[in-house]
Each structure stands twice: as C-alpha cells, then as structure tokens.
>>> print(open('coords-v2.json').read())   # JSON, C-alpha atoms
[["chain", "number", "residue", "atom", "x", "y", "z"],
["A", 211, "MET", "CA", 27.74, 6.01, 276.59],
["A", 212, "ALA", "CA", 26.91, 8.30, 279.51],
["A", 213, "LYS", "CA", 25.37, 11.61, 278.57],
["A", 214, "PHE", "CA", 23.22, 13.80, 280.80],
["A", 215, "SER", "CA", 19.96, 14.58, 278.99],
["A", 216, "GLY", "CA", 19.68, 17.90, 280.82],
["A", 217, "ALA", "CA", 22.83, 19.24, 279.14],
["A", 218, "GLN", "CA", 23.38, 20.41, 275.58],
["A", 219, "TRP", "CA", 25.62, 17.83, 273.94],
["A", 220, "ALA", "CA", 28.62, 19.68, 272.46],
["A", 221, "PRO", "CA", 31.27, 16.96, 271.91],
["A", 222, "ILE", "CA", 34.92, 17.87, 271.39],
["A", 223, "THR", "CA", 37.21, 15.79, 269.18],
["A", 224, "ALA", "CA", 40.50, 16.52, 271.00],
["A", 225, "ASN", "CA", 41.82, 16.87, 274.55],
["A", 226, "HIS", "CA", 40.25, 13.82, 276.18],
["A", 227, "THR", "CA", 40.95, 10.09, 276.54],
["A", 228, "VAL", "CA", 38.32, 7.86, 274.95],
["A", 229, "GLY", "CA", 37.22, 5.14, 277.38],
["A", 230, "GLY", "CA", 39.67, 6.46, 279.96],
["A", 231, "GLN", "CA", 37.36, 7.10, 282.92],
["A", 232, "GLU", "CA", 38.42, 4.34, 285.32],
["A", 233, "SER", "CA", 35.89, 5.15, 288.06],
["A", 234, "VAL", "CA", 33.77, 8.02, 289.37],
["A", 235, "ARG", "CA", 34.41, 9.18, 292.90],
["A", 236, "GLY", "CA", 32.41, 12.34, 292.37],
["A", 237, "LEU", "CA", 32.14, 15.70, 290.62],
["A", 238, "VAL", "CA", 34.84, 18.40, 290.81],
["A", 239, "VAL", "CA", 33.84, 22.09, 290.58],
["A", 240, "HIS", "CA", 36.10, 24.49, 288.62],
["A", 241, "ILE", "CA", 36.02, 28.18, 287.62],
["A", 242, "MET", "CA", 36.81, 29.02, 283.98],
["A", 243, "ALA", "CA", 38.56, 32.35, 284.50],
["A", 244, "GLY", "CA", 36.66, 33.26, 281.34],
["A", 245, "THR", "CA", 33.45, 32.69, 279.43],
["A", 246, "LEU", "CA", 31.61, 29.59, 278.30],
["A", 247, "PRO", "CA", 32.15, 30.36, 274.57],
["A", 248, "GLY", "CA", 35.83, 31.01, 275.28],
["A", 249, "SER", "CA", 36.25, 27.71, 277.11],
["A", 250, "ASP", "CA", 34.36, 25.88, 274.38],
["A", 251, "SER", "CA", 36.75, 27.29, 271.78],
["A", 252, "TRP", "CA", 39.83, 26.51, 273.89],
["A", 253, "PHE", "CA", 38.81, 22.90, 274.54],
["A", 254, "ARG", "CA", 38.53, 22.36, 270.78],
["A", 255, "ASN", "CA", 42.12, 23.52, 270.24],
["A", 256, "PRO", "CA", 44.49, 20.50, 270.28],
["A", 257, "GLN", "CA", 47.21, 22.70, 271.76],
["A", 258, "ALA", "CA", 45.11, 23.38, 274.86],
["A", 259, "GLN", "CA", 45.61, 19.93, 276.39],
["A", 260, "ALA", "CA", 42.62, 20.72, 278.60],
["A", 261, "SER", "CA", 38.91, 19.95, 278.80],
["A", 262, "ALA", "CA", 36.06, 19.23, 281.21],
["A", 263, "HIS", "CA", 33.03, 16.96, 281.11],
["A", 264, "PHE", "CA", 30.51, 19.79, 281.72],
["A", 265, "GLY", "CA", 30.31, 23.59, 281.69],
["A", 266, "THR", "CA", 27.84, 26.26, 282.81],
["A", 267, "SER", "CA", 27.23, 29.89, 281.88],
["A", 268, "LYS", "CA", 26.22, 32.53, 284.41],
["A", 269, "ALA", "CA", 22.76, 32.61, 282.81],
["A", 270, "GLY", "CA", 22.33, 28.88, 283.39],
["A", 271, "LYS", "CA", 23.27, 27.24, 280.11],
["A", 272, "LEU", "CA", 24.66, 23.74, 280.63],
["A", 273, "VAL", "CA", 26.79, 21.90, 278.08],
["A", 274, "GLN", "CA", 28.49, 18.51, 278.07],
["A", 275, "TRP", "CA", 31.75, 18.32, 276.14],
["A", 276, "VAL", "CA", 32.97, 14.83, 277.09],
["A", 277, "ASP", "CA", 31.05, 11.58, 277.59],
["A", 278, "THR", "CA", 31.52, 10.46, 281.20],
["A", 279, "THR", "CA", 32.86, 7.08, 280.07],
["A", 280, "ASP", "CA", 35.76, 9.12, 278.62],
["A", 281, "ARG", "CA", 38.41, 10.96, 280.63],
["A", 282, "ALA", "CA", 38.41, 14.76, 280.48],
["A", 283, "TRP", "CA", 41.66, 16.61, 281.14],
["A", 284, "ALA", "CA", 40.68, 18.97, 283.95],
["A", 285, "GLN", "CA", 42.53, 18.11, 287.17],
["A", 286, "ALA", "CA", 45.74, 16.20, 286.38],
["A", 287, "ASN", "CA", 45.99, 13.12, 288.63],
["A", 288, "GLY", "CA", 42.32, 13.44, 289.51],
["A", 289, "ASN", "CA", 41.13, 12.89, 285.95],
["A", 290, "ARG", "CA", 40.93, 9.08, 286.07],
["A", 291, "THR", "CA", 38.54, 8.95, 289.01],
["A", 292, "TRP", "CA", 36.66, 12.27, 289.08],
["A", 293, "LEU", "CA", 34.27, 14.02, 286.69],
["A", 294, "SER", "CA", 34.60, 17.76, 286.14],
["A", 295, "ILE", "CA", 32.40, 20.81, 285.64],
["A", 296, "GLU", "CA", 33.73, 24.23, 284.62],
["A", 297, "ASN", "CA", 31.76, 27.38, 285.48],
["A", 298, "GLU", "CA", 31.80, 30.71, 283.71],
["A", 299, "GLY", "CA", 33.38, 33.46, 285.79],
["A", 300, "GLN", "CA", 36.58, 34.70, 287.38],
["A", 301, "GLY", "CA", 38.42, 33.88, 290.57],
["A", 302, "GLY", "CA", 36.71, 35.63, 293.46],
["A", 303, "ASP", "CA", 33.26, 35.30, 291.86],
["A", 304, "VAL", "CA", 30.34, 33.41, 293.35],
["A", 305, "LEU", "CA", 28.22, 31.08, 291.23],
["A", 306, "THR", "CA", 24.86, 32.51, 290.19],
["A", 307, "SER", "CA", 21.70, 30.81, 291.38],
["A", 308, "ALA", "CA", 21.22, 29.44, 287.86],
["A", 309, "GLN", "CA", 24.73, 27.96, 287.95],
["A", 310, "LEU", "CA", 24.07, 26.43, 291.36],
["A", 311, "ASP", "CA", 20.96, 24.78, 289.90],
["A", 312, "ARG", "CA", 22.83, 23.38, 286.89],
["A", 313, "VAL", "CA", 25.71, 22.00, 288.97],
["A", 314, "ALA", "CA", 23.18, 20.46, 291.37],
["A", 315, "GLU", "CA", 21.37, 18.83, 288.45],
["A", 316, "VAL", "CA", 24.62, 17.32, 287.18],
["A", 317, "PHE", "CA", 25.57, 16.17, 290.69],
["A", 318, "ALA", "CA", 22.14, 14.56, 291.17],
["A", 319, "TRP", "CA", 22.59, 12.75, 287.83],
["A", 320, "VAL", "CA", 26.08, 11.59, 288.86],
["A", 321, "HIS", "CA", 24.54, 10.26, 292.08],
["A", 322, "LYS", "CA", 21.87, 8.32, 290.18],
["A", 323, "THR", "CA", 24.24, 7.07, 287.47],
["A", 324, "TYR", "CA", 27.31, 6.16, 289.51],
["A", 325, "GLY", "CA", 26.04, 5.85, 293.08],
["A", 326, "VAL", "CA", 28.10, 8.82, 294.28],
["A", 327, "PRO", "CA", 26.83, 9.93, 297.72],
["A", 328, "LEU", "CA", 25.21, 13.34, 297.94],
["A", 329, "GLN", "CA", 27.79, 14.86, 300.27],
["A", 330, "LEU", "CA", 30.86, 17.07, 300.26],
["A", 331, "ALA", "CA", 33.98, 15.07, 299.42],
["A", 332, "SER", "CA", 36.36, 14.69, 302.37],
["A", 333, "GLY", "CA", 39.38, 14.83, 300.03],
["A", 334, "VAL", "CA", 40.84, 13.23, 296.92],
["A", 335, "ASP", "CA", 40.24, 9.74, 298.35],
["A", 336, "GLY", "CA", 36.70, 10.58, 299.41],
["A", 337, "ARG", "CA", 33.48, 10.59, 297.39],
["A", 338, "GLY", "CA", 30.95, 13.29, 296.64],
["A", 339, "LEU", "CA", 31.18, 16.92, 295.51],
["A", 340, "GLY", "CA", 34.72, 18.27, 295.41],
["A", 341, "TRP", "CA", 36.64, 21.27, 294.11],
["A", 342, "HIS", "CA", 39.79, 21.60, 292.06],
["A", 343, "GLY", "CA", 42.01, 23.06, 294.78],
["A", 344, "MET", "CA", 41.47, 20.15, 297.17],
["A", 345, "GLY", "CA", 43.84, 18.05, 295.04],
["A", 346, "GLY", "CA", 46.84, 20.31, 295.69],
["A", 347, "SER", "CA", 49.96, 19.84, 293.58],
["A", 348, "ALA", "CA", 48.89, 16.37, 292.40],
["A", 349, "TRP", "CA", 45.90, 17.98, 290.71],
["A", 350, "GLY", "CA", 47.95, 20.68, 289.01],
["A", 351, "GLY", "CA", 48.53, 23.03, 291.94],
["A", 352, "HIS", "CA", 45.44, 25.16, 291.21],
["A", 353, "THR", "CA", 44.72, 25.73, 294.89],
["A", 354, "GLN", "CA", 42.72, 28.92, 294.21],
["A", 355, "CYS", "CA", 40.27, 27.15, 291.87],
["A", 356, "PRO", "CA", 37.36, 27.73, 292.08],
["A", 357, "GLY", "CA", 37.97, 30.17, 294.95],
["A", 358, "SER", "CA", 36.90, 30.33, 298.59],
["A", 359, "LYS", "CA", 33.55, 31.98, 297.83],
["A", 360, "ILE", "CA", 32.49, 29.13, 295.56],
["A", 361, "VAL", "CA", 33.84, 26.48, 297.96],
["A", 362, "ALA", "CA", 31.54, 28.05, 300.56],
["A", 363, "GLN", "CA", 28.61, 27.48, 298.13],
["A", 364, "LEU", "CA", 29.25, 23.73, 297.77],
["A", 365, "PRO", "CA", 26.92, 22.79, 300.67],
["A", 366, "GLU", "CA", 24.14, 24.69, 298.86],
["A", 367, "ILE", "CA", 24.77, 22.62, 295.72],
["A", 368, "VAL", "CA", 24.55, 19.42, 297.76],
["A", 369, "LYS", "CA", 21.31, 20.69, 299.30],
["A", 370, "ARG", "CA", 19.76, 21.40, 295.90],
["A", 371, "ALA", "CA", 20.90, 18.03, 294.53],
["A", 372, "LYS", "CA", 19.25, 16.27, 297.48],
["A", 373, "ALA", "CA", 16.04, 18.16, 296.82],
["A", 374, "LEU", "CA", 16.09, 17.04, 293.18],
["A", 375, "VAL", "CA", 16.35, 13.34, 294.05],
["A", 376, "GLY", "CA", 14.23, 13.50, 297.20],
["A", 377, "ALA", "CA", 17.10, 12.05, 299.22],
["A", 378, "LYS", "CA", 17.47, 12.05, 302.97],
["A", 379, "PRO", "CA", 20.54, 13.80, 304.36],
["A", 380, "SER", "CA", 23.79, 11.87, 304.77],
["A", 381, "GLY", "CA", 23.98, 9.33, 307.57],
["A", 382, "GLY", "CA", 20.34, 8.34, 307.10],
["A", 383, "SER", "CA", 19.21, 11.12, 309.43],
["A", 384, "THR", "CA", 16.15, 13.28, 308.88],
["A", 385, "ALA", "CA", 16.28, 16.86, 307.59],
["A", 386, "GLY", "CA", 17.52, 19.25, 310.26],
["A", 387, "SER", "CA", 18.94, 16.47, 312.52],
["A", 388, "THR", "CA", 21.61, 17.41, 315.05],
["A", 389, "TYR", "CA", 24.15, 15.95, 317.46],
["A", 390, "LYS", "CA", 24.93, 17.29, 320.95],
["A", 391, "VAL", "CA", 28.64, 17.16, 321.77],
["A", 392, "LYS", "CA", 29.58, 14.98, 324.76],
["A", 393, "SER", "CA", 32.74, 14.92, 326.85],
["A", 394, "GLY", "CA", 35.62, 13.38, 324.89],
["A", 395, "ASP", "CA", 33.96, 13.82, 321.49],
["A", 396, "THR", "CA", 36.03, 14.67, 318.41],
["A", 397, "LEU", "CA", 34.89, 15.49, 314.89],
["A", 398, "ILE", "CA", 36.34, 12.23, 313.60],
["A", 399, "GLY", "CA", 34.61, 10.26, 316.32],
["A", 400, "ILE", "CA", 31.28, 11.96, 315.71],
["A", 401, "GLY", "CA", 31.71, 11.34, 311.99],
["A", 402, "THR", "CA", 32.32, 7.64, 312.58],
["A", 403, "ARG", "CA", 29.30, 7.42, 314.88],
["A", 404, "THR", "CA", 26.89, 9.30, 312.61],
["A", 405, "GLY", "CA", 28.17, 8.29, 309.16],
["A", 406, "VAL", "CA", 28.92, 11.90, 308.20],
["A", 407, "ALA", "CA", 32.49, 12.68, 307.05],
["A", 408, "TRP", "CA", 34.29, 14.89, 309.59],
["A", 409, "LYS", "CA", 35.19, 17.47, 306.94],
["A", 410, "THR", "CA", 31.51, 17.64, 306.01],
["A", 411, "LEU", "CA", 30.66, 18.25, 309.68],
["A", 412, "ALA", "CA", 33.25, 21.01, 309.80],
["A", 413, "ALA", "CA", 31.84, 22.67, 306.67],
["A", 414, "LEU", "CA", 28.22, 22.39, 307.80],
["A", 415, "ASN", "CA", 29.01, 23.94, 311.17],
["A", 416, "LYS", "CA", 31.58, 26.48, 309.94],
["A", 417, "LEU", "CA", 34.32, 25.01, 312.13],
["A", 418, "ARG", "CA", 37.97, 25.88, 311.54],
["A", 419, "ALA", "CA", 41.20, 24.26, 312.68],
["A", 420, "PRO", "CA", 41.92, 23.18, 315.40],
["A", 421, "TYR", "CA", 38.21, 22.17, 315.39],
["A", 422, "THR", "CA", 37.67, 22.68, 319.12],
["A", 423, "LEU", "CA", 34.33, 21.37, 320.38],
["A", 424, "LYS", "CA", 32.44, 22.33, 323.54],
["A", 425, "VAL", "CA", 30.36, 19.94, 325.64],
["A", 426, "GLY", "CA", 26.71, 20.65, 324.89],
["A", 427, "GLN", "CA", 27.45, 22.25, 321.52],
["A", 428, "VAL", "CA", 24.81, 21.28, 318.95],
["A", 429, "LEU", "CA", 26.18, 20.26, 315.55],
["A", 430, "LYS", "CA", 24.23, 20.02, 312.33],
["A", 431, "LEU", "CA", 24.48, 16.56, 310.77],
["A", 432, "ALA", "CA", 22.97, 17.48, 307.42],
["A", 433, "VAL", "CA", 21.69, 20.31, 305.28],
["A", 434, "PRO", "CA", 17.88, 20.51, 305.32],
["A", 435, "VAL", "CA", 16.28, 19.44, 302.05],
["A", 436, "ILE", "CA", 14.55, 22.25, 300.20],
["A", 437, "LYS", "CA", 12.76, 22.43, 296.88],
["A", 438, "PRO", "CA", 14.46, 24.32, 294.05],
["A", 439, "ALA", "CA", 12.96, 27.78, 293.60],
["A", 440, "TYR", "CA", 11.34, 27.56, 290.16],
["A", 441, "GLU", "CA", 8.42, 29.62, 288.86],
["A", 442, "PRO", "CA", 5.19, 27.58, 288.78],
["A", 443, "PHE", "CA", 3.42, 27.24, 285.43],
["A", 444, "PRO", "CA", 1.10, 30.28, 285.13],
["A", 445, "GLY", "CA", -1.21, 28.62, 282.59],
["A", 446, "GLU", "CA", -1.44, 28.80, 278.80],
["A", 447, "ALA", "CA", -4.20, 31.41, 278.96],
["A", 448, "TRP", "CA", -1.86, 33.68, 280.90],
["A", 449, "PHE", "CA", 0.63, 33.71, 278.03],
["A", 450, "LYS", "CA", -2.13, 34.28, 275.47],
["A", 451, "SER", "CA", -3.22, 37.39, 277.39],
["A", 452, "ALA", "CA", 0.09, 39.05, 276.36],
["A", 453, "PRO", "CA", 1.32, 39.58, 279.96],
["A", 454, "ASN", "CA", 3.84, 42.17, 281.04],
["A", 455, "SER", "CA", 5.71, 40.49, 283.88],
["A", 456, "PRO", "CA", 9.22, 39.81, 285.21],
["A", 457, "VAL", "CA", 8.36, 36.12, 284.78],
["A", 458, "VAL", "CA", 8.48, 36.66, 281.01],
["A", 459, "THR", "CA", 11.95, 38.19, 281.34],
["A", 460, "ALA", "CA", 13.16, 35.26, 283.47],
["A", 461, "MET", "CA", 11.74, 32.83, 280.91],
["A", 462, "GLY", "CA", 13.47, 34.68, 278.08],
["A", 463, "LYS", "CA", 16.84, 34.54, 279.84],
["A", 464, "ARG", "CA", 16.49, 30.77, 280.28],
["A", 465, "LEU", "CA", 15.58, 30.40, 276.58],
["A", 466, "VAL", "CA", 18.70, 32.37, 275.63],
["A", 467, "ALA", "CA", 20.78, 30.17, 277.96],
["A", 468, "GLU", "CA", 19.38, 27.10, 276.19],
["A", 469, "GLY", "CA", 20.44, 28.51, 272.83],
["A", 470, "CYS", "CA", 16.85, 29.07, 271.72],
["A", 471, "GLY", "CA", 16.51, 32.85, 271.89],
["A", 472, "ALA", "CA", 15.22, 34.67, 268.81],
["A", 473, "TYR", "CA", 15.69, 38.07, 270.46],
["A", 474, "LYS", "CA", 17.49, 40.95, 268.73],
["A", 475, "SER", "CA", 17.36, 42.81, 272.04],
["A", 476, "GLY", "CA", 16.16, 41.88, 275.49],
["A", 477, "PRO", "CA", 14.41, 39.70, 276.54],
["A", 478, "GLY", "CA", 12.00, 41.97, 278.35],
["A", 479, "PRO", "CA", 8.87, 41.66, 280.50],
["A", 480, "GLN", "CA", 6.32, 42.11, 277.67],
["A", 481, "TRP", "CA", 5.25, 38.85, 275.99],
["A", 482, "THR", "CA", 5.70, 39.21, 272.23],
["A", 483, "ASP", "CA", 5.81, 37.09, 269.10],
["A", 484, "THR", "CA", 9.59, 36.83, 269.65],
["A", 485, "ASP", "CA", 8.99, 35.13, 273.00],
["A", 486, "GLN", "CA", 6.64, 32.69, 271.29],
["A", 487, "GLU", "CA", 9.19, 31.97, 268.57],
["A", 488, "SER", "CA", 11.92, 31.46, 271.17],
["A", 489, "PHE", "CA", 9.75, 29.03, 273.11],
["A", 490, "ARG", "CA", 8.90, 27.23, 269.86],
["A", 491, "ARG", "CA", 12.61, 26.70, 269.28],
["A", 492, "PHE", "CA", 12.92, 25.28, 272.80],
["A", 493, "GLN", "CA", 10.02, 22.90, 272.14],
["A", 494, "LEU", "CA", 11.65, 21.68, 268.92],
["A", 495, "LYS", "CA", 14.98, 21.23, 270.73],
["A", 496, "ARG", "CA", 13.25, 19.06, 273.34],
["A", 497, "GLY", "CA", 11.72, 16.88, 270.62],
["A", 498, "TYR", "CA", 8.18, 18.24, 270.49],
["A", 499, "SER", "CA", 6.33, 18.60, 267.18],
["A", 500, "GLY", "CA", 2.95, 19.61, 265.74],
["A", 501, "THR", "CA", 0.77, 21.47, 268.22],
["A", 502, "GLY", "CA", 3.34, 20.63, 270.89],
["A", 503, "ALA", "CA", 5.76, 22.99, 269.15],
["A", 504, "ASP", "CA", 3.52, 26.01, 268.51],
["A", 505, "GLY", "CA", 5.39, 28.34, 270.87],
["A", 506, "TRP", "CA", 2.74, 28.35, 273.60],
["A", 507, "PRO", "CA", 4.22, 26.94, 276.84],
["A", 508, "GLY", "CA", 2.65, 23.81, 278.29],
["A", 509, "PRO", "CA", 3.06, 22.63, 281.90],
["A", 510, "LYS", "CA", 5.56, 19.84, 281.10],
["A", 511, "GLN", "CA", 7.63, 22.07, 278.82],
["A", 512, "TRP", "CA", 7.62, 24.84, 281.42],
["A", 513, "ALA", "CA", 8.91, 22.40, 284.04],
["A", 514, "GLU", "CA", 11.69, 21.33, 281.65],
["A", 515, "LEU", "CA", 12.79, 24.96, 281.14],
["A", 516, "LYS", "CA", 13.28, 25.49, 284.92],
["A", 517, "VAL", "CA", 12.58, 29.22, 285.11],
["A", 518, "PRO", "CA", 14.08, 30.61, 288.36],
["A", 519, "LYS", "CA", 11.66, 32.01, 290.93],
["A", 520, "VAL", "CA", 11.17, 35.75, 290.51],
["A", 521, "GLY", "CA", 11.41, 37.86, 293.64]]
>>> encode(input="coords-v2.json", output="structure tokens")
Amino acid sequence: MAKFSGAQWAPITANHTVGGQESVRGLVVHIMAGTLPGSDSWFRNPQAQASAHFGTSKAGKLVQWVDTTDRAWAQANGNRTWLSIENEGQGGDVLTSAQLDRVAEVFAWVHKTYGVPLQLASGVDGRGLGWHGMGGSAWGGHTQCPGSKIVAQLPEIVKRAKALVGAKPSGGSTAGSTYKVKSGDTLIGIGTRTGVAWKTLAALNKLRAPYTLKVGQVLKLAVPVIKPAYEPFPGEAWFKSAPNSPVVTAMGKRLVAEGCGAYKSGPGPQWTDTDQESFRRFQLKRGYSGTGADGWPGPKQWAELKVPKVG
C-alpha cells in the first residue's frame, strides 16, 4: 500500500488497475478542465474509463483517489510507469500558489518513496516531474494539457519540492550554481558534464530551439532552494484574544480546503466560535483528541495546516 498521508484518502472502486503500477518514473501534471468535485464524481462513474492518483482544488485541497501501487487511467501509454495528479481549473489557467504547494508536497513524497529525482523530466523515458502533453499521441494526444502557463510553473514546483526535502539542486551542485559556456559547448554536452538533463537546462534558462549558445554565456544549473511561504504560528494567546486579521481568513480557507469548515458564510478575518469549531474538526481529522482537539491551534497542528503566507 502506498498512500500519501498529506492527502485526503478518497478511494474509487472503478477506473483503475489494481496492482498495475509497474514502476514510477515520476509524477505527471494534468489540468481537470473542471472542478475537483466534478472530477471526483466522474472518476467514480464506470463509463468514464479515466482516473488519476491525486487531485488538487484551487484552494489547496489535496485528495488521493488511487493507491500508487495501482495503475490510474490518466495518460494512456504512460499509465504503467508514471503517477498522475489532476488540478482544478481550465486550459489557459495557472496553478494557484496553494496548488503549487500541494503538487510539490506530492512530488517530494514521490521522491522519498520511489527515489524519483527532483528535476523536470526530459521526456517520457526520463524521470522527474512531467506533464501530460509531453507524451504526445502515445499518451492520448492531449498536447494542450495542462497548458503552456502551467508547464512554465513546473520549475517552481521542483523548487518547492526541493525546499521540502532539504535537497541540493540536481547534479550535486550548490544552490545558485552556474556554468559559463565555452567554445564548442552544446546543451547536451553541458548536461552530460554537469549531470543536469539538457531539457532541464533549456527550461531553467528559458532557451528555445535551436538552443544557440554564446561563448561566455552563464547558464543556471539549478533552481535555488527556498522555503515554502507559510504563516508562522502566532501563538495560542493570539487566537484567544479574538484577533481580526487576514491570517484568520487564510487559515479558514485552508480549513475549508481540508473539508473541515463549519462556516455558513466566509471565512472572514474576525476569529469566532466558528473558526474554533472548524479547527477542532481539523484536529479530530488529524487524530488529535482530548485537550488536543479543543479548537485552539497548537504549533504542531498549525504547521500541519500549512497556512499560506499573507501579504
């Protein structure tokens, strides 16, 4: 069994192959062309003949539909060797910061669980973070999935995943390392020398075909590692003072995304009994009990909620 503890387990009974995941080359990013509830409903319909391992909402909810030892039906010929994550939205959208965080968390878990390198995949035979369209006709011909704007965000996902695991950039180089182009250099040659896939070099440096290099040009070899932008724990006394703050709103949105919101409207910036009840539901969902599930946030629970940085 391979389930990511950071995702809500929402197993489907159809549209997947039990025990069918032959290997894991990496994680493939998709766009739903719809909503998370809509995709959840569709994947449960036997006529759909479609599914994915994971899914995110724009607000940052993360679900897992299919155990990663089982094969989801997301990218045709790529299903046997790649995991999949669908994202709420339409073609032409960008992923929200909360979605970027959730995909990065899944990718970091895939790295730890299956040894997948924290890098952009160079293609269907590569390893790392990929996207549906890279598989062409063999992967169903969905060349516009998830769209060019989201493909451009993939390096940011890799960056956030590296920050989560404290990894050094690819090629064993330090954060911010570079390479100065010499006479006769090619992207493939530099990739072989540095251990960074040439397509990754192209993406990092925004190079386009025919990938012309200039002597003396400085190329990035890796994305600098940064810490995810989460709100620090403000202290239990802060909550008990009934604060009015955008941090409370951000917390409420994360609680709603986790399926724990008790709100009839909002959430809003004013801390209320509804916020406390919503947090209590989150505590119970995470397995806390007694005084650990009284609705008052504690530092460990706050860290588990991952409230995005405000401002």
>>> closest_atom_pairs(input="coords-v2.json", of="segment 231-336 of chain A", to="segment 394-414 of chain A", cutoff="8 Å", atoms="only C-alpha atoms", output="CSV")
residue,atom,partner,partner_atom,distance
A:Gln329,CA,A:Thr410,CA,7.4
A:Leu330,CA,A:Thr410,CA,5.8
A:Ala331,CA,A:Thr410,CA,7.5
A:Ser332,CA,A:Lys409,CA,5.5
>>> atom_distance(input="coords-v2.json", atom1="atom CA of Gly508 of chain A", atom2="atom CA of Arg464 of chain A")
15.6 Å
>>> atom_distance(input="coords-v2.json", atom1="atom CA of Glu468 of chain A", atom2="atom CA of Ile241 of chain A")
20.2 Å
>>> residues_around(input="coords-v2.json", residues="Leu272 of chain A", least_positions_apart="4", cutoff="9 Å", atoms="all atoms listed in the file", output="VMD selection string")
chain A and resid 216 to 219 264 to 267 309 312 to 313 467 to 468
>>> closest_residue(input="coords-v2.json", among="A:Ile295, A:Ala212, A:Ala243, A:Ala269", to="Tyr324 of chain A", atoms="all atoms listed in the file")
A:Ala212
>>> atom_distance(input="coords-v2.json", atom1="atom CA of Trp275 of chain A", atom2="atom CA of Gly469 of chain A")
15.6 Å
>>> residues_near_point(input="coords-v2.json", point="(17.4, 23.7, 288.9)", cutoff="9 Å", atoms="all atoms listed in the file", output="list of chain:residue names")
A:Ser307, A:Ala308, A:Gln309, A:Leu310, A:Asp311, A:Arg312, A:Val313, A:Ala314, A:Glu315, A:Arg370, A:Ala371, A:Leu374, A:Pro438, A:Ala439, A:Tyr440, A:Lys516, A:Val517, A:Pro518
